[in-house]
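Below is one structure, written out as structure tokens; comments come after it.
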Amino acid sequence: MSKNTLSKPSSLQFAVRIGIATLCRLVLNTARRFAYPFAPVMSRGLGVSIPAITAIIAATQATGIVGMVLGPMADRLGYRRMMLAGLGMLAIGMLAAAVLPLYGVVLVGLVLAGLGKTAFDPAIQAYVSERVAFERRGLAIGFLEFSWAGSTLVGIPLIAVLIDRAGWRSPFFALGGLGVLAIVAILFFIPPDSRHPKVERETKEGFSQAFRELIRNRVAGGMLGFIFFLSLGNDNLFVSYGAWLEDSFQANILLIGAITGAIGFAELAGEVLVVLMSDRLGLKRAVMSGVMLCAISYSLLPMVGNSLPVAVIGLFLVFLVFEFTVVSSISLSTELLPEYRATMMAAFFAAAGIGRILGALAGGTIWVAAGIPGIGLASAFFSALGLVSLMWGLKGWQQ
């Protein structure tokens, strides 16, 4: 049996570990996302303007770029240690913001939570990928990614209940306490990971070796270009769909919120499809098929603008296909640089983060200039560029 494959006696134990890791990621994802819908509540609680809160949100988004440093650190120090470090940053940041409800402290607390997610995600994905055969990788990574949709469908609604009953500071206490419990769970359920001798010997030279391997690897470069363009295209739509619904269908805030909940279900459906289908299709084929469907679905959006129900269905399908493509690409990426998995995954998320930032900037401009037809065509074009990058990178690649 290969070193990547689980032996039968340990399969149940390993499934429990994946479940624990998924719950930890649910806490991290909720901490990362809850400021978006509750920015007005936080602005009133802190006595600052809403732009001051959105500045905090922008700062937390930028933490993904720091993963370029944290990924090689995980490959060098061990994945479990980096998971614990990420959860430690979450707990410290949230509890500090809860105890000292000042703007500067909340800013640092949410940035620490963002850094915690940036540290935890590549580490857990690398940890799992070393222990699951490539033929089952989509199942394992897809299950981990349930925590992303779960933060929208479970985490944020629970945060709303907490704020309603105990005030705006209560989520910080709750998430900080859950961060501490998550640390205990990792210590108890996940044993220290041993490093492969070759990797340990090379990484003692520092981070430079990991970065050299990343930069000179054509397959890795093609995947990073792919996720950059795919994320750019999606955020180009994400920042403008609310304006589209409001402008074309006179949707109010509650209706837009309900539609956003439907997008959460679309994300969950995409993750379920990864679990059920991606390994059967083959991860390479699943990603290529997904990005082609993304381009097609974006290009069709201008045609569904005459009816709100049809527009909602169109958005649902767009985000379902996007989530399927992203999670399948995460699963595939775990095998592109096997000796430096965390480095590869950190670079993947950094490239995605840069794409999201540029997509958000582009979306506002394109919406003003060309409306939803321009948004749909631009997102389709960016997705097509992602497909070109992917085909260039994966040409001739075999697992």
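Here, A, B, ... name the chains of the structure tokens in the order displayed, residue numbers run from 1 inside each chain, and ligands are numbered from 1 in the same displayed order.
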
Exercise for the section: Could you please write out, as a PyMOL selection string, every residue of segment 132-251 of chain A that DSSP assigns to helix (DSSP H, G or I)? Expected result: chain A and resi 134-144+146-166+170-189+197-203+208-215+218-238+241-249

List as a tab-separated table every residue of segment 194-304 of chain A that is in contact with segment 136-152 of chain A, defined as an atom at most 6 Å from one of its atoms (using only C-alpha atoms), together with the nearest atom pair and the distance in Å rounded to one decimal, sorted by chain and then rising number.
```
residue	atom	partner	partner_atom	distance
A:Gly264	CA	A:Ala149	CA	5.6
A:Glu267	CA	A:Ala149	CA	5.6
A:Leu268	CA	A:Ala149	CA	5.2
A:Glu271	CA	A:Gly142	CA	5.6
A:Val274	CA	A:Gly142	CA	5.7
A:Val275	CA	A:Leu139	CA	4.3
A:Ser278	CA	A:Gly138	CA	5.8
A:Asp279	CA	A:Gly138	CA	5.5
```

Please, which residues in segment 330-353 of chain A fall within 12 Å of segment 281-293 of chain A when counting only C-alpha atoms, and what is the closest atom pair and distance in Å to one decimal for each, ordered by chain then residue number, as a tab-separated table?
```
residue	atom	partner	partner_atom	distance
A:Ile330	CA	A:Val287	CA	9.4
A:Ser331	CA	A:Leu283	CA	7.3
A:Leu332	CA	A:Leu283	CA	5.8
A:Ser333	CA	A:Leu283	CA	9.5
A:Thr334	CA	A:Leu283	CA	10.9
A:Glu335	CA	A:Leu283	CA	10.4
A:Leu336	CA	A:Lys284	CA	11.1
```

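If you look at atom CA of Arg76 of chain A and atom CA of Ala126 of chain A, they are 12.2 Å away from each other.
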
Problem - Pick from A:Leu77, A:Ile259, A:Leu181, A:Leu387 nearest to Glu246 of chain A, counting only C-alpha atoms - result: A:Ile259

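Residues in contact with Ala31 of chain A at 9 Å, where only C-alpha atoms are counted and same-chain residues fewer than 5 positions away are skipped, are listed as Leu26, Leu90, Met94, Leu110, Ala113, Gly114, Lys117, Ser151, Gly155, Ile156, Pro171, Phe172 and Leu175 of chain A.
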
Based on the selection just made, write C-alpha atoms of those residues as a compact mmCIF listing (two decimals), in the first residue's frame.
```
# COMPACT_ATOMS: atom_id res chain seq x y z
CA LEU A 26 -16.05 26.40 10.18
CA LEU A 90 -7.83 33.27 15.97
CA MET A 94 -11.14 37.36 18.98
CA LEU A 110 -9.92 40.47 12.79
CA ALA A 113 -8.30 35.84 12.58
CA GLY A 114 -7.60 36.28 8.87
CA LYS A 117 -7.22 31.06 8.45
CA SER A 151 -20.13 29.53 7.56
CA GLY A 155 -22.15 30.22 11.33
CA ILE A 156 -23.43 33.65 10.32
CA PRO A 171 -19.47 36.92 18.61
CA PHE A 172 -15.91 37.81 19.60
CA LEU A 175 -15.42 32.66 18.44
```

Exercise for the section: Would you kindly return, as a PyMOL selection string, each protein, DNA or RNA residue with an atom no farther than 12 Å from any atom of Ile256 of chain A, considering only C-alpha atoms and excluding same-chain residues fewer than 2 positions away? Expected result: chain A and resi 37+240-247+249-254+258-263+308+312+315

Based on the selection just made, write N, CA and C atoms of those residues as a PDB file, in the first residue's frame.
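The resulting selection38.pdb:
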```
ATOM      1  N   PRO A  37     -21.827  41.044   6.724  1.00  0.00           N
ATOM      2  CA  PRO A  37     -23.239  41.427   6.892  1.00  0.00           C
ATOM      3  C   PRO A  37     -23.506  42.285   8.113  1.00  0.00           C
ATOM      4  N   SER A 240     -21.118  43.168  -7.870  1.00  0.00           N
ATOM      5  CA  SER A 240     -22.090  43.940  -8.651  1.00  0.00           C
ATOM      6  C   SER A 240     -23.473  43.294  -8.751  1.00  0.00           C
ATOM      7  N   TYR A 241     -23.611  42.032  -8.290  1.00  0.00           N
ATOM      8  CA  TYR A 241     -24.905  41.387  -8.481  1.00  0.00           C
ATOM      9  C   TYR A 241     -26.001  42.048  -7.647  1.00  0.00           C
ATOM     10  N   GLY A 242     -25.645  42.584  -6.466  1.00  0.00           N
ATOM     11  CA  GLY A 242     -26.634  43.277  -5.653  1.00  0.00           C
ATOM     12  C   GLY A 242     -27.168  44.517  -6.355  1.00  0.00           C
ATOM     13  N   ALA A 243     -26.247  45.271  -6.972  1.00  0.00           N
ATOM     14  CA  ALA A 243     -26.669  46.455  -7.735  1.00  0.00           C
ATOM     15  C   ALA A 243     -27.536  46.056  -8.922  1.00  0.00           C
ATOM     16  N   TRP A 244     -27.204  44.942  -9.551  1.00  0.00           N
ATOM     17  CA  TRP A 244     -28.009  44.447 -10.679  1.00  0.00           C
ATOM     18  C   TRP A 244     -29.431  44.122 -10.235  1.00  0.00           C
ATOM     19  N   LEU A 245     -29.560  43.385  -9.129  1.00  0.00           N
ATOM     20  CA  LEU A 245     -30.883  43.016  -8.629  1.00  0.00           C
ATOM     21  C   LEU A 245     -31.688  44.246  -8.220  1.00  0.00           C
ATOM     22  N   GLU A 246     -31.001  45.199  -7.594  1.00  0.00           N
ATOM     23  CA  GLU A 246     -31.684  46.416  -7.161  1.00  0.00           C
ATOM     24  C   GLU A 246     -32.113  47.262  -8.351  1.00  0.00           C
ATOM     25  N   ASP A 247     -31.230  47.383  -9.326  1.00  0.00           N
ATOM     26  CA  ASP A 247     -31.509  48.246 -10.471  1.00  0.00           C
ATOM     27  C   ASP A 247     -32.551  47.643 -11.416  1.00  0.00           C
ATOM     28  N   PHE A 249     -34.644  44.844 -10.768  1.00  0.00           N
ATOM     29  CA  PHE A 249     -35.842  44.225 -10.197  1.00  0.00           C
ATOM     30  C   PHE A 249     -36.341  44.939  -8.942  1.00  0.00           C
ATOM     31  N   GLN A 250     -35.727  46.079  -8.610  1.00  0.00           N
ATOM     32  CA  GLN A 250     -36.099  46.859  -7.429  1.00  0.00           C
ATOM     33  C   GLN A 250     -36.076  46.000  -6.155  1.00  0.00           C
ATOM     34  N   ALA A 251     -35.094  45.110  -6.067  1.00  0.00           N
ATOM     35  CA  ALA A 251     -34.963  44.240  -4.894  1.00  0.00           C
ATOM     36  C   ALA A 251     -34.526  45.061  -3.686  1.00  0.00           C
ATOM     37  N   ASN A 252     -35.158  44.818  -2.530  1.00  0.00           N
ATOM     38  CA  ASN A 252     -34.755  45.513  -1.310  1.00  0.00           C
ATOM     39  C   ASN A 252     -33.684  44.714  -0.579  1.00  0.00           C
ATOM     40  N   ILE A 253     -33.235  45.251   0.569  1.00  0.00           N
ATOM     41  CA  ILE A 253     -32.136  44.627   1.301  1.00  0.00           C
ATOM     42  C   ILE A 253     -32.495  43.208   1.741  1.00  0.00           C
ATOM     43  N   LEU A 254     -33.733  43.025   2.244  1.00  0.00           N
ATOM     44  CA  LEU A 254     -34.129  41.697   2.720  1.00  0.00           C
ATOM     45  C   LEU A 254     -34.125  40.681   1.580  1.00  0.00           C
ATOM     46  N   ALA A 258     -31.859  37.357   1.156  1.00  0.00           N
ATOM     47  CA  ALA A 258     -32.392  36.018   0.910  1.00  0.00           C
ATOM     48  C   ALA A 258     -31.713  35.375  -0.298  1.00  0.00           C
ATOM     49  N   ILE A 259     -31.479  36.175  -1.329  1.00  0.00           N
ATOM     50  CA  ILE A 259     -30.805  35.646  -2.518  1.00  0.00           C
ATOM     51  C   ILE A 259     -29.366  35.269  -2.183  1.00  0.00           C
ATOM     52  N   THR A 260     -28.729  36.047  -1.324  1.00  0.00           N
ATOM     53  CA  THR A 260     -27.382  35.697  -0.878  1.00  0.00           C
ATOM     54  C   THR A 260     -27.390  34.363  -0.136  1.00  0.00           C
ATOM     55  N   GLY A 261     -28.460  34.108   0.635  1.00  0.00           N
ATOM     56  CA  GLY A 261     -28.595  32.799   1.272  1.00  0.00           C
ATOM     57  C   GLY A 261     -28.699  31.686   0.247  1.00  0.00           C
ATOM     58  N   ALA A 262     -29.389  31.957  -0.856  1.00  0.00           N
ATOM     59  CA  ALA A 262     -29.472  30.964  -1.931  1.00  0.00           C
ATOM     60  C   ALA A 262     -28.095  30.686  -2.522  1.00  0.00           C
ATOM     61  N   ILE A 263     -27.265  31.728  -2.584  1.00  0.00           N
ATOM     62  CA  ILE A 263     -25.898  31.533  -3.063  1.00  0.00           C
ATOM     63  C   ILE A 263     -25.127  30.612  -2.119  1.00  0.00           C
ATOM     64  N   LEU A 308     -36.980  38.116 -12.420  1.00  0.00           N
ATOM     65  CA  LEU A 308     -36.231  37.910 -11.179  1.00  0.00           C
ATOM     66  C   LEU A 308     -36.034  36.431 -10.861  1.00  0.00           C
ATOM     67  N   VAL A 312     -32.353  34.725 -10.485  1.00  0.00           N
ATOM     68  CA  VAL A 312     -31.878  34.030  -9.281  1.00  0.00           C
ATOM     69  C   VAL A 312     -31.377  32.630  -9.640  1.00  0.00           C
ATOM     70  N   LEU A 315     -27.970  33.036 -11.180  1.00  0.00           N
ATOM     71  CA  LEU A 315     -26.939  33.258 -10.171  1.00  0.00           C
ATOM     72  C   LEU A 315     -26.618  31.978  -9.405  1.00  0.00           C
TER      73      LEU A 315
END
```

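Shell of Ile296 of chain A at 10 Å, with only C-alpha atoms counted and residues fewer than 2 places along the chain excluded, is A:Gly290, A:Val291, A:Met292, A:Leu293, A:Cys294, A:Tyr298, A:Ser299, A:Leu300, A:Leu301, A:Val318, A:Gly376, A:Leu377, A:Ser379, A:Ala380, A:Phe381, A:Ser383, A:Ala384.
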
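The coordinates place atom CA of Ala185 of chain A at 17.2 Å from atom CA of Ala119 of chain A.
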
Exercise for the section: Return the single residue from A:Ala15, A:Ala74, A:Glu130, A:Ile183 that is closest to Leu87 of chain A, with distances computed using only C-alpha atoms. Expected result: A:Ile183

Problem - Long-range neighbours of Met344 of chain A as a ChimeraX atom specification, 12 Å cut-off, only C-alpha atoms, 4 positions minimum in chain - result: /A:67-75,121-123,125-126,210-215,217,219-224,330-340,348-351

Handout entry: atom CA of Leu112 of chain A to atom CA of Val16 of chain A, straight-line distance in Å
Key = 27.4 Å

Practice task
Name all residues at most 8 Å from Val304 of chain A (count only C-alpha atoms; drop same-chain ones fewer than 6 positions away) and give them as a PyMOL selection string.
Solution key: chain A and resi 310-311+314
